[in-house]
Amino acid sequence: MLLLRARNLKHYFGPRCIVDIPALDVYMGDRIGLLGRNGVGKTTLLKILLGMIKPDEGVVEVFGEAAYLPQLEEAAGASPDGALLRMWLGEGDVHANMSGGEETRVKLAHLFSKEAHLLVVDEPTTNLDMQGIAMLEDKLKRFSGAILLVSHDRELLDGVCSEIWELEQGKLTTYPGNYTDFLRLRQLKYETAMAEYEAYVREREHLQQAIRTQASKARSIKKAPSRMGISEARLHKGTAKAKGSKLEQSVRALESRLARLEVKEKPMELQGPTVDLQPPSPIGSEIALMVHELSVGFPGKDLLKAVSFVVRRGEKAALVGPNGTGKTTLLKRIVGGAHGVKLAGSVKLGWFSQGLEVLREDKTVLENVLETTAYRPELVRTVLARLLFRGDDVHKPVAVLSGGERVKCAFAKVFLADVNFLILDEPTNYLDIDSIEALGSVLQDYAGTVLFVSHDRRFIRQVANRILAVEDQYIVDFAGTYDEYQSRRRSADRSNDKLLVLQNRLAEITGRLAVPGPEDDMELLDQQFRELVEEIRRLKSQHS
């Protein structure tokens, strides 16, 4: 069943054509991931398809009901019922102090409350914790209609999508399969196009050289020497004319082959943005940050109780935990220098907030960065160009930027400041996948100290060498990678299961010792009791 049809779409941003799509169809059951670099026009295309933006050219027809989850705006429509809200928020409720992840959960409740045939979903994992992402993936997999999904979560794209659309320079290219299939097919397409281009260049140069050689030979045929007799000169002239004619004919044939040679354009390099971090000044103390018995919450609700931890110089610490557990509030308290927070004297903080409050929407990209940096405009423009703000893009007002472009602009402000300790709250929000990879690589190599909140599993694996996990209103401090932390948690879960079995067995043995049956061997029961107590003590000591 056809749900959406678009024909001859064209849309311009100033002189630049950002959408140029001859034909596009969405059918019931389609699972489409829409990919493209930040600012390429993905959100604009979604809004054109939903009738929220009128294209400059072309027509869009939607058959059936469509539901939309926007990237930056609030979800529209009536509030979802209580049961659906509870499914996404648990025992929580909508309130003024919701975290970014809780706000995303409310938007998802709005989305799934609608009776829709087509879900158009723009960055649905923004600020969403891992449990929420798992819930979202399950709901999308169970949805019977069609899905058009923009996301930077590579695992979600792999789990949900059966087709990938890539938007690049206004053109849409389709690839069968999920995100992993897309990477393989796109690389194969690039290698094939590059091989064809190189073969074309070799053949073109071969023909051009052959033409030059034959033309040179034709010019080198000399007139008969003056000492020749008349008959010899006449014979030489005839031979030279025949040779010249043949060479000219050969040149024309080669020029004809060159003119008919199919031109192959050099494929665009598969190269993403480059993130630049200025070399940080050293932190003199071994302990860059000490938090001691700091409580976090708001009136009527405690989030974190008397938490204590340290971040050492040069560490890359990831603060992880469910939505609404106080991670962002904790970062803000650290940046604000709350009681119980101690920073080394030589620390210079660089703060990136998920709300992007550092940006002024009425100013341009370049103006935003220049107002807080001591670097010359030439270097600032170079850094912005490496973040793919090229040419006149630096003069765009922040208000018209996509979510990913805003994040990059905020990065430029933070990274071009004089800092040596980065505190980053959800730095991968809205970024395209190439940009996430680039950010992860530069943070890996960064000589300074980093404390960050993220729910992007691959990003955490790529960057973190210390995990600060929020569990039951406390911080569990784990020195190691995210995979090592997860392995320890799985081991602890298995130990807890075993402990529960042993405790149930101990209760049974204790009862039989208190009221023995006629068949009970009291000596054997007493031995089993002592063995169970010792095994339970051993397991508990492993957890302490």
# chains A, B, ... in the order shown; residues from 1 in each chain; ligands from 1
call {"tool": "residues_around", "arguments": {"residues": "segment 387-392 of chain A", "least_positions_apart": "2", "cutoff": "12 Å", "atoms": "only C-alpha atoms", "output": "PyMOL selection string"}}
result
chain A and resi 14-16+37-40+271-277+364-366+380-385+394-398+401+404-412+415+431-432+434-436+438-439
call {"tool": "select_by_dssp", "arguments": {"residues": "segment 110-149 of chain A", "states": "strand (DSSP E)", "output": "list in words"}}
result
Leu118, Leu119, Val120, Val121, Asp122, Ala146, Ile147, Leu148 and Leu149 of chain A
call {"tool": "residues_around", "arguments": {"residues": "Tyr446 of chain A", "least_positions_apart": "5", "cutoff": "9 Å", "atoms": "only C-alpha atoms", "output": "PyMOL selection string"}}
result
chain A and resi 277-280+314+441
call {"tool": "atom_distance", "arguments": {"atom1": "atom CA of Glu378 of chain A", "atom2": "atom CA of Leu416 of chain A"}}
result
12.5 Å
call {"tool": "atom_distance", "arguments": {"atom1": "atom CA of Val335 of chain A", "atom2": "atom CA of Thr449 of chain A"}}
result
14.2 Å
call {"tool": "closest_residue", "arguments": {"among": "A:Val453, A:Ile53, A:Ile32, A:Met135", "to": "Val160 of chain A", "atoms": "only C-alpha atoms"}}
result
A:Ile32
call {"tool": "closest_residue", "arguments": {"among": "A:Arg466, A:Lys217, A:Lys10, A:His455", "to": "Glu155 of chain A", "atoms": "only C-alpha atoms"}}
result
A:His455
call {"tool": "closest_residue", "arguments": {"among": "A:Leu319, A:Leu539, A:Ala218, A:Leu506", "to": "Val470 of chain A", "atoms": "only C-alpha atoms"}}
result
A:Leu319
call {"tool": "residues_around", "arguments": {"residues": "Glu57 of chain A", "least_positions_apart": "3", "cutoff": "7 Å", "atoms": "only C-alpha atoms", "output": "list in words"}}
result
Asn8, Leu9, Lys10 and His11 of chain A
call {"tool": "residues_around", "arguments": {"residues": "segment 338-355 of chain A", "least_positions_apart": "6", "cutoff": "7 Å", "atoms": "only C-alpha atoms", "output": "list of chain:residue names"}}
result
A:Ile283, A:Gly284, A:Ser285, A:Ile287, A:Ala288, A:Leu289, A:Met290, A:Val291, A:His292, A:Glu293, A:Leu294, A:Val414, A:Val419, A:Asn420, A:Phe421, A:Leu422, A:Ile423, A:Leu424, A:Asp425, A:Glu426, A:Pro427
call {"tool": "write_last_selection", "arguments": {"atoms": "C-alpha atoms", "output": "short mmCIF file (atom, residue, chain, number, x, y, z; two decimals), in the first residue's frame"}}
result
data_model
loop_
_atom_site.label_atom_id
_atom_site.label_comp_id
_atom_site.auth_asym_id
_atom_site.auth_seq_id
_atom_site.Cartn_x
_atom_site.Cartn_y
_atom_site.Cartn_z
CA ILE A 283 46.86 20.83 35.46
CA GLY A 284 49.35 20.85 38.32
CA SER A 285 47.44 18.60 40.73
CA ILE A 287 43.25 15.32 41.32
CA ALA A 288 41.54 17.66 38.85
CA LEU A 289 38.07 17.44 40.46
CA MET A 290 36.92 16.29 43.89
CA VAL A 291 33.24 15.98 44.76
CA HIS A 292 32.51 15.30 48.45
CA GLU A 293 29.08 14.44 49.86
CA LEU A 294 27.18 16.52 47.32
CA VAL A 414 34.17 25.77 23.75
CA VAL A 419 40.43 25.38 28.68
CA ASN A 420 42.03 22.20 29.99
CA PHE A 421 39.04 20.40 31.56
CA LEU A 422 36.00 19.75 29.35
CA ILE A 423 32.60 19.07 30.90
CA LEU A 424 30.24 17.91 28.15
CA ASP A 425 26.52 17.17 28.54
CA GLU A 426 25.25 14.93 25.72
CA PRO A 427 27.80 16.15 23.15
#
call {"tool": "atom_distance", "arguments": {"atom1": "atom CA of Phe112 of chain A", "atom2": "atom CA of Val19 of chain A"}}
result
28.9 Å
call {"tool": "select_by_dssp", "arguments": {"residues": "segment 145-324 of chain A", "states": "alpha helix (DSSP H)", "output": "PyMOL selection string"}}
result
chain A and resi 154-160+179-220+230-260
call {"tool": "residues_around", "arguments": {"residues": "Glu265 of chain A", "least_positions_apart": "3", "cutoff": "10 Å", "atoms": "only C-alpha atoms", "output": "list in words"}}
result
Ala193, Met194, Glu196, Tyr197, Glu198, Tyr200, Val201, Glu262 and Met268 of chain A
call {"tool": "write_last_selection", "arguments": {"atoms": "C-alpha atoms", "output": "compact mmCIF listing (two decimals), in the first residue's frame"}}
result
# COMPACT_ATOMS: atom_id res chain seq x y z
CA ALA A 193 33.45 4.96 -9.14
CA MET A 194 37.09 5.76 -8.29
CA GLU A 196 36.20 3.94 -13.33
CA TYR A 197 37.50 7.51 -12.95
CA GLU A 198 41.13 6.38 -12.81
CA TYR A 200 39.05 7.13 -17.72
CA VAL A 201 42.00 9.39 -16.79
CA GLU A 262 32.70 8.82 -21.80
CA MET A 268 33.61 12.98 -3.82
call {"tool": "closest_residue", "arguments": {"among": "A:Val400, A:Leu172, A:Leu356, A:Leu156", "to": "Ile133 of chain A", "atoms": "only C-alpha atoms"}}
result
A:Leu156
